[in-house]
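**Student:** Below is run20.pdb; it holds PDB, C-alpha atoms and all ligand atoms.
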MODEL        1
ATOM      1  CA  MET A 846      -6.141  16.350  19.484
ATOM      2  CA  ARG A 847      -4.083  17.045  16.404
ATOM      3  CA  ASP A 848      -5.841  18.227  13.300
ATOM      4  CA  LEU A 849      -4.972  15.654  10.683
ATOM      5  CA  HIS A 850      -6.390  16.569   7.295
ATOM      6  CA  GLU A 851      -6.080  13.011   5.916
ATOM      7  CA  LEU A 852      -8.018  11.550   8.848
ATOM      8  CA  LYS A 853     -10.757  14.114   8.282
ATOM      9  CA  LEU A 854     -11.053  12.949   4.652
ATOM     10  CA  ILE A 855     -11.167   9.312   5.802
ATOM     11  CA  ARG A 856     -13.880  10.139   8.356
ATOM     12  CA  GLU A 857     -15.901  11.671   5.536
ATOM     13  CA  LEU A 858     -15.578   8.361   3.683
ATOM     14  CA  THR A 859     -16.971   6.514   6.707
ATOM     15  CA  HIS A 860     -20.169   8.587   6.405
ATOM     16  CA  PHE A 861     -21.097   7.093   3.020
ATOM     17  CA  LYS A 862     -24.109   4.847   3.571
ATOM     18  CA  ASP A 863     -24.225   1.944   1.143
ATOM     19  CA  ASP A 864     -24.879  -1.798   1.535
ATOM     20  CA  LEU A 865     -21.680  -2.511  -0.347
ATOM     21  CA  ILE A 866     -19.425  -0.493   1.988
ATOM     22  CA  GLU A 867     -18.283  -1.538   5.467
ATOM     23  CA  THR A 868     -16.071   0.532   7.745
ATOM     24  CA  HIS A 869     -13.841  -1.005  10.424
ATOM     25  CA  GLU A 870     -11.918   0.685  13.227
ATOM     26  CA  LEU A 871      -8.958  -1.700  13.362
ATOM     27  CA  ASP A 872      -7.110  -0.221  16.321
ATOM     28  CA  ARG A 873      -6.088   3.094  17.841
ATOM     29  CA  VAL A 874      -2.690   4.720  18.130
ATOM     30  CA  ASN A 875      -2.198   6.561  21.424
ATOM     31  CA  PHE A 876       0.550   9.121  21.904
ATOM     32  CA  GLU A 877       1.077  12.460  23.628
ATOM     33  CA  GLY A 878      -2.548  12.593  24.780
ATOM     34  CA  ALA A 879      -3.909  11.905  21.290
ATOM     35  CA  SER A 880      -5.748   8.792  20.174
ATOM     36  CA  LEU A 881      -6.020   8.290  16.418
ATOM     37  CA  PRO A 882      -7.893   5.438  14.728
ATOM     38  CA  ILE A 883      -6.587   3.104  12.031
ATOM     39  CA  ILE A 884      -9.569   2.769   9.714
ATOM     40  CA  GLY A 885     -10.188   0.041   7.167
ATOM     41  CA  PHE A 886     -12.815  -0.304   4.436
ATOM     42  CA  THR A 887     -14.247  -3.365   2.717
ATOM     43  CA  ILE A 888     -16.294  -2.837  -0.418
ATOM     44  CA  GLY A 889     -18.280  -5.345  -2.464
ATOM     45  CA  SER A 890     -19.012  -9.023  -1.913
ATOM     46  CA  LYS A 891     -19.080 -10.324   1.681
ATOM     47  CA  ASP A 892     -17.686 -13.643   0.417
ATOM     48  CA  LYS A 893     -14.006 -13.577   1.340
ATOM     49  CA  THR A 894     -13.062 -16.256  -1.200
ATOM     50  CA  LYS A 895     -13.896 -13.821  -4.019
ATOM     51  CA  PRO A 896     -11.025 -12.084  -5.815
ATOM     52  CA  ALA A 897      -9.843  -8.968  -4.077
ATOM     53  CA  LEU A 898      -7.864  -5.800  -4.598
ATOM     54  CA  GLY A 899      -6.153  -4.300  -1.533
ATOM     55  CA  LEU A 900      -5.192  -0.603  -1.425
ATOM     56  CA  PHE A 901      -2.898   0.674   1.305
ATOM     57  CA  GLY A 902      -1.229   3.975   2.105
ATOM     58  CA  GLY A 903       0.377   6.067   4.795
ATOM     59  CA  VAL A 904       2.820   3.465   6.138
ATOM     60  CA  HIS A 905       5.371   6.287   6.247
ATOM     61  CA  GLY A 906       4.033   9.446   7.851
ATOM     62  CA  LEU A 907       5.911  11.814   5.542
ATOM     63  CA  GLU A 908       4.576  10.233   2.362
ATOM     64  CA  ARG A 909       1.150  11.844   2.472
ATOM     65  CA  VAL A 910       0.673  11.515  -1.279
ATOM     66  CA  GLY A 911       0.243   7.724  -0.958
ATOM     67  CA  SER A 912      -2.728   8.154   1.376
ATOM     68  CA  HIS A 913      -4.102  10.849  -0.920
ATOM     69  CA  VAL A 914      -4.064   8.563  -3.961
ATOM     70  CA  VAL A 915      -5.992   5.889  -2.033
ATOM     71  CA  ILE A 916      -8.479   8.376  -0.543
ATOM     72  CA  THR A 917      -9.027   9.966  -3.971
ATOM     73  CA  TYR A 918      -9.746   6.569  -5.492
ATOM     74  CA  LEU A 919     -12.125   5.506  -2.705
ATOM     75  CA  THR A 920     -13.977   8.825  -2.813
ATOM     76  CA  SER A 921     -14.495   8.463  -6.538
ATOM     77  CA  LEU A 922     -15.542   4.811  -6.154
ATOM     78  CA  PHE A 923     -18.061   5.595  -3.389
ATOM     79  CA  LYS A 924     -19.628   8.389  -5.440
ATOM     80  CA  GLN A 925     -19.764   6.142  -8.491
ATOM     81  CA  LEU A 926     -21.666   3.499  -6.513
ATOM     82  CA  SER A 927     -24.598   5.904  -6.230
ATOM     83  CA  TRP A 928     -25.256   5.872 -10.000
ATOM     84  CA  ASP A 929     -23.286   3.078 -11.697
ATOM     85  CA  GLU A 930     -25.328  -0.137 -11.691
ATOM     86  CA  GLU A 931     -22.698  -1.928 -13.695
ATOM     87  CA  LEU A 932     -20.072  -1.249 -11.029
ATOM     88  CA  ARG A 933     -22.452  -2.491  -8.342
ATOM     89  CA  THR A 934     -22.997  -5.722 -10.273
ATOM     90  CA  ARG A 935     -19.254  -6.130 -10.736
ATOM     91  CA  LEU A 936     -18.692  -5.762  -7.004
ATOM     92  CA  GLU A 937     -21.079  -8.618  -6.253
ATOM     93  CA  ASP A 938     -18.328 -10.931  -7.507
ATOM     94  CA  CYS A 939     -15.251  -9.284  -6.060
ATOM     95  CA  ARG A 940     -14.030  -6.992  -3.318
ATOM     96  CA  ILE A 941     -11.879  -3.959  -2.690
ATOM     97  CA  VAL A 942     -10.330  -3.691   0.772
ATOM     98  CA  SER A 943      -8.312  -0.760   2.008
ATOM     99  CA  ILE A 944      -6.460   0.969   4.833
ATOM    100  CA  PRO A 945      -5.754   4.442   3.430
ATOM    101  CA  LEU A 946      -3.684   5.571   6.443
ATOM    102  CA  ILE A 947      -1.785   2.896   8.330
ATOM    103  CA  ASN A 948       0.393   5.227  10.409
ATOM    104  CA  PRO A 949      -1.802   8.191  11.458
ATOM    105  CA  GLY A 950       0.490   9.024  14.402
ATOM    106  CA  GLY A 951       3.528   9.392  12.154
ATOM    107  CA  MET A 952       1.557  11.594   9.746
ATOM    108  CA  ALA A 953       0.287  13.770  12.614
ATOM    109  CA  LEU A 954       3.847  14.158  13.915
ATOM    110  CA  HIS A 955       5.303  14.828  10.424
ATOM    111  CA  GLN A 956       7.686  11.906  10.663
ATOM    112  CA  ARG A 957       8.347   8.744   8.684
ATOM    113  CA  SER A 958       8.185   6.350  11.653
ATOM    114  CA  ASN A 959       5.298   5.759  14.033
ATOM    115  CA  PRO A 960       5.130   7.718  17.339
ATOM    116  CA  ASN A 961       7.491   5.165  18.964
ATOM    117  CA  GLY A 962      10.130   5.894  16.339
ATOM    118  CA  VAL A 963       9.645   2.530  14.615
ATOM    119  CA  ASP A 964       9.644   2.310  10.812
ATOM    120  CA  ILE A 965       6.589   0.166  10.050
ATOM    121  CA  MET A 966       8.211  -1.116   6.844
ATOM    122  CA  ARG A 967      11.159  -2.491   8.868
ATOM    123  CA  ASN A 968       9.097  -3.874  11.752
ATOM    124  CA  ALA A 969       8.135  -7.384  10.598
ATOM    125  CA  PRO A 970       9.992 -10.411  12.020
ATOM    126  CA  VAL A 971      11.903 -11.056   8.787
ATOM    127  CA  ASP A 972      15.664 -10.818   8.341
ATOM    128  CA  CYS A 973      17.443  -9.778   5.197
ATOM    129  CA  LYS A 974      19.141 -12.734   3.559
ATOM    130  CA  GLU A 975      21.874 -10.755   1.868
ATOM    131  CA  GLN A 976      24.296  -7.965   2.486
ATOM    132  CA  SER A 977      22.325  -5.020   3.769
ATOM    133  CA  THR A 978      22.853  -1.281   3.571
ATOM    134  CA  PHE A 979      23.935   0.437   6.805
ATOM    135  CA  LEU A 980      20.870   1.922   8.600
ATOM    136  CA  LEU A 981      18.648   2.017   5.460
ATOM    137  CA  SER A 982      18.064  -1.744   5.505
ATOM    138  CA  GLY A 983      16.685  -1.512   9.040
ATOM    139  CA  HIS A 984      18.605  -1.553  12.337
ATOM    140  CA  ARG A 985      18.097  -1.891  16.083
ATOM    141  CA  PHE A 986      20.431   0.892  17.305
ATOM    142  CA  SER A 987      17.979   3.620  18.307
ATOM    143  CA  PRO A 988      14.487   4.950  17.506
ATOM    144  CA  LYS A 989      16.149   8.357  17.079
ATOM    145  CA  LEU A 990      17.675   7.156  13.798
ATOM    146  CA  PRO A 991      15.559   6.559  10.672
ATOM    147  CA  TRP A 992      14.710   2.994   9.584
ATOM    148  CA  TYR A 993      14.607   1.673  13.176
ATOM    149  CA  ARG A 994      13.138  -1.849  13.352
ATOM    150  CA  GLY A 995      12.042  -1.861  16.989
ATOM    151  CA  GLU A 996      13.496  -3.998  19.759
ATOM    152  CA  GLU A 997      14.233  -7.624  19.037
ATOM    153  CA  ASP A 998      11.672 -10.135  20.378
ATOM    154  CA  LYS A 999       9.126  -7.420  21.125
ATOM    155  CA  PRO A1000       5.671  -7.740  19.540
ATOM    156  CA  MET A1001       5.088  -5.786  16.359
ATOM    157  CA  GLU A1002       3.829  -2.222  16.635
ATOM    158  CA  VAL A1003       0.067  -1.585  16.741
ATOM    159  CA  GLU A1004       0.092  -0.300  13.142
ATOM    160  CA  SER A1005       2.017  -3.325  11.823
ATOM    161  CA  GLN A1006      -0.209  -5.791  13.649
ATOM    162  CA  ALA A1007      -3.357  -4.022  12.401
ATOM    163  CA  LEU A1008      -2.097  -4.353   8.826
ATOM    164  CA  VAL A1009      -1.255  -8.054   9.230
ATOM    165  CA  ASP A1010      -4.578  -8.859  10.916
ATOM    166  CA  PHE A1011      -6.548  -6.971   8.271
ATOM    167  CA  CYS A1012      -4.759  -8.779   5.424
ATOM    168  CA  GLN A1013      -5.217 -12.146   7.106
ATOM    169  CA  GLU A1014      -8.891 -11.547   7.582
ATOM    170  CA  GLN A1015      -9.670  -9.870   4.282
ATOM    171  CA  LEU A1016      -7.216 -11.289   1.731
ATOM    172  CA  PHE A1017      -5.900 -14.682   2.833
ATOM    173  CA  ASN A1018      -8.925 -16.772   1.783
ATOM    174  CA  SER A1019      -9.381 -15.018  -1.528
ATOM    175  CA  ASP A1020      -8.956 -17.042  -4.737
ATOM    176  CA  ALA A1021      -6.718 -14.303  -6.050
ATOM    177  CA  ALA A1022      -5.674 -11.073  -4.393
ATOM    178  CA  ILE A1023      -3.589  -8.180  -5.600
ATOM    179  CA  SER A1024      -2.553  -5.401  -3.261
ATOM    180  CA  VAL A1025      -0.773  -2.095  -3.731
ATOM    181  CA  ASP A1026       0.939  -0.133  -0.982
ATOM    182  CA  PHE A1027       1.509   3.483  -2.056
ATOM    183  CA  HIS A1028       4.808   5.143  -1.123
ATOM    184  CA  SER A1029       6.897   8.013  -2.423
ATOM    185  CA  GLY A1030      10.447   9.189  -2.220
ATOM    186  CA  PHE A1031      12.826   6.985  -4.145
ATOM    187  CA  GLY A1032      14.333   8.260  -7.394
ATOM    188  CA  MET A1033      12.845   9.898 -10.482
ATOM    189  CA  LYS A1034      10.662   7.066 -11.800
ATOM    190  CA  ASP A1035       7.452   5.475 -10.579
ATOM    191  CA  ARG A1036       8.467   1.978  -9.624
ATOM    192  CA  LEU A1037       6.132  -0.952  -9.163
ATOM    193  CA  TRP A1038       7.928  -3.300  -6.835
ATOM    194  CA  PHE A1039       7.075  -6.906  -6.149
ATOM    195  CA  PRO A1040       8.627  -9.178  -3.449
ATOM    196  CA  TYR A1041      11.030 -10.004  -2.115
ATOM    197  CA  ALA A1042      12.680  -7.143  -0.263
ATOM    198  CA  LYS A1043      14.743  -9.522   1.879
ATOM    199  CA  THR A1044      16.547 -11.279  -0.956
ATOM    200  CA  SER A1045      17.221 -10.961  -4.660
ATOM    201  CA  SER A1046      16.329 -14.634  -5.154
ATOM    202  CA  PRO A1047      13.137 -14.915  -7.215
ATOM    203  CA  PHE A1048       9.915 -15.086  -5.227
ATOM    204  CA  PRO A1049       7.558 -18.026  -5.836
ATOM    205  CA  ASN A1050       4.979 -16.093  -7.876
ATOM    206  CA  ILE A1051       7.411 -14.572 -10.342
ATOM    207  CA  LYS A1052       5.564 -16.273 -13.225
ATOM    208  CA  GLN A1053       2.254 -14.640 -12.234
ATOM    209  CA  VAL A1054       3.977 -11.265 -11.936
ATOM    210  CA  GLN A1055       5.384 -11.694 -15.432
ATOM    211  CA  ASN A1056       1.912 -12.572 -16.731
ATOM    212  CA  LEU A1057       0.444  -9.518 -15.031
ATOM    213  CA  LYS A1058       3.195  -7.318 -16.438
ATOM    214  CA  ASP A1059       2.513  -8.697 -19.925
ATOM    215  CA  ILE A1060      -1.172  -7.827 -19.777
ATOM    216  CA  LEU A1061      -0.339  -4.436 -18.229
ATOM    217  CA  ASP A1062       2.068  -3.695 -21.114
ATOM    218  CA  GLU A1063      -0.489  -4.824 -23.678
ATOM    219  CA  THR A1064      -3.447  -3.048 -22.095
ATOM    220  CA  LEU A1065      -1.756   0.215 -21.124
ATOM    221  CA  PRO A1066       1.153   0.401 -23.597
ATOM    222  CA  HIS A1067       2.066   3.957 -22.569
ATOM    223  CA  HIS A1068       2.188   3.311 -18.851
ATOM    224  CA  ILE A1069       5.020   4.868 -16.883
ATOM    225  CA  TYR A1070       5.838   2.124 -14.403
ATOM    226  CA  HIS A1071       9.132   0.358 -13.971
ATOM    227  CA  VAL A1072       8.161  -3.129 -12.871
ATOM    228  CA  GLU A1073      10.929  -4.784 -10.845
ATOM    229  CA  PRO A1074      11.618  -6.785  -7.696
ATOM    230  CA  GLN A1075      12.108  -4.494  -4.713
ATOM    231  CA  ALA A1076      15.489  -6.130  -3.981
ATOM    232  CA  ASP A1077      16.825  -4.645  -7.240
ATOM    233  CA  SER A1078      16.806  -1.255  -5.500
ATOM    234  CA  TYR A1079      17.848  -2.354  -2.007
ATOM    235  CA  THR A1080      17.296  -5.292   0.339
ATOM    236  CA  ILE A1081      15.781  -4.666   3.762
ATOM    237  CA  ASN A1082      14.988  -6.304   7.080
ATOM    238  CA  GLY A1083      11.464  -6.441   8.404
ATOM    239  CA  ASP A1084       9.517  -5.745   5.199
ATOM    240  CA  MET A1085       5.812  -6.121   6.024
ATOM    241  CA  TRP A1086       4.885  -7.403   2.556
ATOM    242  CA  ASP A1087       7.554 -10.104   2.595
ATOM    243  CA  TYR A1088       6.114 -11.190   5.931
ATOM    244  CA  ILE A1089       2.469 -11.041   4.855
ATOM    245  CA  TYR A1090       3.245 -12.817   1.581
ATOM    246  CA  ASP A1091       4.994 -15.705   3.391
ATOM    247  CA  LEU A1092       2.197 -15.920   5.992
ATOM    248  CA  HIS A1093      -0.295 -16.151   3.150
ATOM    249  CA  ARG A1094       1.593 -19.065   1.593
ATOM    250  CA  ASP A1095       1.760 -20.843   4.934
ATOM    251  CA  HIS A1096      -1.933 -20.282   5.519
ATOM    252  CA  ASN A1097      -2.792 -21.696   2.096
ATOM    253  CA  LYS A1098      -0.686 -24.860   2.084
ATOM    254  CA  ASP A1099      -3.836 -26.814   1.242
ATOM    255  CA  HIS A1100      -4.915 -24.236  -1.367
ATOM    256  CA  PRO A1101      -1.778 -23.625  -3.430
ATOM    257  CA  GLU A1102      -3.894 -22.047  -6.179
ATOM    258  CA  ARG A1103      -4.750 -19.082  -3.919
ATOM    259  CA  THR A1104      -2.472 -16.232  -4.847
ATOM    260  CA  LEU A1105      -1.551 -12.956  -3.221
ATOM    261  CA  ILE A1106       0.615 -10.537  -5.182
ATOM    262  CA  PRO A1107       1.571  -7.580  -2.975
ATOM    263  CA  TRP A1108       2.900  -4.623  -4.977
ATOM    264  CA  THR A1109       4.531  -1.498  -3.655
ATOM    265  CA  LEU A1110       4.212   1.620  -5.787
ATOM    266  CA  GLU A1111       7.164   3.860  -5.057
ATOM    267  CA  MET A1112       6.318   7.206  -6.647
ATOM    268  CA  GLY A1113       9.500   8.914  -7.785
ATOM    269  CA  SER A1114       9.338  12.121  -5.770
ATOM    270  CA  TRP A1115      12.708  13.489  -6.889
ATOM    271  CA  ILE A1116      11.078  14.607 -10.121
ATOM    272  CA  TRP A1117       8.762  16.931  -8.139
ATOM    273  CA  VAL A1118      11.766  18.334  -6.285
ATOM    274  CA  LYS A1119      13.751  18.736  -9.498
ATOM    275  CA  LYS A1120      10.949  20.742 -11.118
ATOM    276  CA  ASN A1121      10.361  22.808  -7.985
ATOM    277  CA  PRO A1122      13.562  22.802  -5.888
ATOM    278  CA  LEU A1123      12.255  25.267  -3.311
ATOM    279  CA  GLN A1124       9.683  22.744  -2.129
ATOM    280  CA  ILE A1125      12.319  20.865  -0.117
ATOM    281  CA  PHE A1126      11.961  23.679   2.416
ATOM    282  CA  SER A1127       8.245  23.063   2.861
ATOM    283  CA  SER A1128       6.775  20.479   5.214
ATOM    284  CA  GLY A1129       6.846  17.116   3.473
ATOM    285  CA  GLY A1130       8.187  18.756   0.316
ATOM    286  CA  PHE A1131      10.679  16.027  -0.353
ATOM    287  CA  PHE A1132       8.023  13.341  -0.546
ATOM    288  CA  ASN A1133       4.969  15.025  -2.011
ATOM    289  CA  PRO A1134       3.996  17.135  -5.020
ATOM    290  CA  ILE A1135       3.375  20.684  -3.751
ATOM    291  CA  LYS A1136       2.289  22.669  -6.844
ATOM    292  CA  SER A1137      -1.398  22.124  -7.408
ATOM    293  CA  HIS A1138      -1.182  21.101 -11.083
ATOM    294  CA  ARG A1139       1.462  18.526 -10.204
ATOM    295  CA  TYR A1140      -0.661  17.271  -7.302
ATOM    296  CA  ASP A1141      -3.705  16.932  -9.591
ATOM    297  CA  ARG A1142      -1.645  15.096 -12.175
ATOM    298  CA  THR A1143      -0.353  12.683  -9.530
ATOM    299  CA  MET A1144      -3.887  11.961  -8.326
ATOM    300  CA  ARG A1145      -5.018  11.249 -11.916
ATOM    301  CA  ARG A1146      -1.894   9.383 -12.930
ATOM    302  CA  HIS A1147      -2.473   6.258 -10.865
ATOM    303  CA  LEU A1148      -6.249   5.874 -11.195
ATOM    304  CA  LEU A1149      -5.731   4.022 -14.461
ATOM    305  CA  LEU A1150      -3.366   1.571 -12.745
ATOM    306  CA  ILE A1151      -5.787   0.960  -9.874
ATOM    307  CA  ASP A1152      -8.623   0.380 -12.310
ATOM    308  CA  PHE A1153      -6.439  -2.029 -14.302
ATOM    309  CA  LEU A1154      -5.520  -3.989 -11.158
ATOM    310  CA  PHE A1155      -9.161  -4.052 -10.055
ATOM    311  CA  ARG A1156     -10.088  -5.664 -13.379
ATOM    312  CA  ALA A1157      -7.054  -7.953 -13.291
ATOM    313  CA  SER A1158      -7.921  -9.210  -9.807
ATOM    314  CA  ARG A1159     -11.444  -9.982 -10.919
ATOM    315  CA  ASN A1160     -10.216 -11.696 -14.105
ATOM    316  CA  TYR A1161      -7.480 -13.621 -12.327
ATOM    317  CA  LYS A1162      -7.723 -16.638 -14.607
ATOM    318  CA  SER A1163      -5.940 -14.590 -17.251
ATOM    319  CA  TRP A1164      -2.712 -14.402 -15.215
ATOM    320  CA  ARG A1165      -2.841 -16.794 -12.249
TER     321      ARG A1165
HETATM  322 ZN    ZN B   1       7.634   4.791   2.121
ENDMDL
END
What does this structure look like when you write it as structure tokens?
Ligand SMILES: [Zn+2]

**Tutor:**
Amino acid sequence: MRDLHELKLIRELTHFKDDLIETHELDRVNFEGASLPIIGFTIGSKDKTKPALGLFGGVHGLERVGSHVVITYLTSLFKQLSWDEELRTRLEDCRIVSIPLINPGGMALHQRSNPNGVDIMRNAPVDCKEQSTFLLSGHRFSPKLPWYRGEEDKPMEVESQALVDFCQEQLFNSDAAISVDFHSGFGMKDRLWFPYAKTSSPFPNIKQVQNLKDILDETLPHHIYHVEPQADSYTINGDMWDYIYDLHRDHNKDHPERTLIPWTLEMGSWIWVKKNPLQIFSSGGFFNPIKSHRYDRTMRRHLLLIDFLFRASRNYKSWR
């Protein structure tokens, strides 16, 4: 059994005993004699129509920092529940749901894809509507190449299916849900992407995204995020959030007011490499802050955003 530090931290989270916290083993990933769980958390109201914030990380096994941001937030939240009555009252009316590590096998193997060589963020049954970028946009040539989508007409990978099932169960009946999937590795800036990834045509909730961006700009005027549609950077096949977003709309044909806004935070890791070029020779150095002060800063940096989105999800009438 591989020693996976992130899974150890998540197991510690499962030991918190509190009426407001539920832990779910969603599935297991089996490879090379190992069997690693995909663990989900639901926190707050048991009423699934209540507004919700979803926090996700570790889709790509090399991008450990995404899982760390989610684990850091949950650890802080769980500790806060032991003394903050106001937070407990707030959570009676809303929910936080989370899978901090979606691809534990990839993280254990120090690779972007899952143990089958499939890139989870290219694995959904969605095709790019526009000209795509060779390999990067997702392909079906070989699992030995990065960005492999998996074989056509095969079911989704265990990790992808666990994510879809969890979102369907925990977010689809919510009056208003916001989710963030934490990644790293693209460019110098922290980018907050919204759908679509498959096309640069505007997605149906563009108005709500604009409203959310307006209150973000007003509330946190010094924030560092570049808010843009993912397709501005590149279009891809098989994006899980495109797929989940469209499933959500289908599911809610009779409840058009129910909204799910799935964000992807792409932390600009090149800035860490630029400030500390030697780290590209360390394991995961291209995708994660290595120096401890930079790591600490990264952990702090996004807590404000998560807290903002938590409040925004609860106060959805202000933007929906
Ligand atoms: Zn990623």

**Student:** Around all the atoms of stretch 940-957 of chain A listed in the file, with 6 Å of room on each side, what axis-aligned box do you get, giving centre and edge lengths in Å to one decimal, as AutoDock Vina command-line options?

**Tutor:**
--center_x -2.8 --center_y 3.9 --center_z 5.5 --size_x 34.4 --size_y 33.8 --size_z 29.7

**Student:** Could you jot down the atom CA of A:Glu857 to atom CA of A:Leu881 separation for me, Å, one decimal place?

**Tutor:** 15.1 Å

**Student:** Around ligand ZN 1 (chain B), which protein and nucleic acid residues have at least one atom no more than 7 Å from it, if we count all atoms listed in the file? List them as a ChimeraX atom specification.

**Tutor:** /A:904-905,908,1028-1030

**Student:** Give me, as a tab-separated table, the closest atom pair and its distance (Å, one decimal) for every residue of stretch 965-1015 of chain A within a cut-off of 10 Å of stretch 1076-1081 of chain A, counting all atoms listed in the file, rows sorted by chain and rising number.

**Tutor:**
residue	atom	partner	partner_atom	distance
A:Met966	CA	A:Ile1081	CA	8.9
A:Arg967	CA	A:Ile1081	CA	7.2
A:Val971	CA	A:Ile1081	CA	9.0
A:Asp972	CA	A:Ile1081	CA	7.7
A:Cys973	CA	A:Ile1081	CA	5.6
A:Lys974	CA	A:Thr1080	CA	8.3
A:Glu975	CA	A:Thr1080	CA	7.3
A:Gln976	CA	A:Thr1080	CA	7.8
A:Ser977	CA	A:Thr1080	CA	6.1
A:Thr978	CA	A:Tyr1079	CA	7.6
A:Leu980	CA	A:Ile1081	CA	9.6
A:Leu981	CA	A:Ile1081	CA	7.5
A:Ser982	CA	A:Ile1081	CA	4.1
A:Gly983	CA	A:Ile1081	CA	6.2
A:His984	CA	A:Ile1081	CA	9.5
A:Trp992	CA	A:Ile1081	CA	9.7

**Student:** Assuming the chain letters and numbering stay as they are in my file, what does the PyMOL selection byres (((chain A and resi 1163) around 12) and not hetatm) actually select? List them as a list in words.

**Tutor:**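 With the shown file as input, the PyMOL selection byres (((chain A and resi 1163) around 12) and not hetatm) matches Ala1021, Gln1053, Val1054, Gln1055, Asn1056, Leu1057, Lys1058, Asp1059, Ile1060, Leu1061, Arg1156, Ala1157, Ser1158, Arg1159, Asn1160, Tyr1161, Lys1162, Trp1164 and Arg1165 of chain A.
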
**Student:** Could you list the residues chosen by the PyMOL selection byres (((chain A and resi 900) around 6) and not hetatm) in this structure as a short mmCIF file (atom, residue, chain, number, x, y, z; two decimals) with C-alpha atoms, in the frame of the given file?

**Tutor:**
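New file part.cif:
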data_model
loop_
_atom_site.label_atom_id
_atom_site.label_comp_id
_atom_site.auth_asym_id
_atom_site.auth_seq_id
_atom_site.Cartn_x
_atom_site.Cartn_y
_atom_site.Cartn_z
CA GLY A 899 -6.15 -4.30 -1.53
CA PHE A 901 -2.90 0.67 1.30
CA SER A 943 -8.31 -0.76 2.01
CA SER A 1024 -2.55 -5.40 -3.26
CA VAL A 1025 -0.77 -2.10 -3.73
#

**Student:** Tell me, in Å to one decimal, how far atom CA of A:Glu937 is from atom CA of A:Ile888.

**Tutor:**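 Taking atom CA of A:Glu937 and atom CA of A:Ile888, their separation equals 9.5 Å.
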
**Student:** Atom CA of A:Asn948 and atom CA of A:Asp872, how far apart in Å?

**Tutor:**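 Interatomic distance here is 11.0 Å.
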
**Student:** Determine the nearest neighbour of A:Asp892 from the options A:Pro960, A:Arg940, A:Glu1063, A:Leu954, counting all atoms listed in the file.

**Tutor:**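 Ranking A:Pro960, A:Arg940, A:Glu1063, A:Leu954 by distance to A:Asp892, first place goes to A:Arg940.
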
**Student:** If we count only C-alpha atoms, what is near stretch 1091-1105 of chain A at a cut-off of 6 Å, once residues fewer than 4 positions away on the same chain are taken out, given as a PyMOL selection string?

**Tutor:** chain A and resi 1017+1020-1023

**Student:** So which residues touch A:Ser880 within 12 Å, counting only C-alpha atoms, skipping near sequence neighbours fewer than 6 positions away, as a list in words?

**Tutor:**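 Surrounding residues, per the criterion: Met846, Arg847, Asp848, Leu849, Leu852, Asp872, Arg873, Val874, Pro949, Gly950, Ala953 and Pro960 of chain A.
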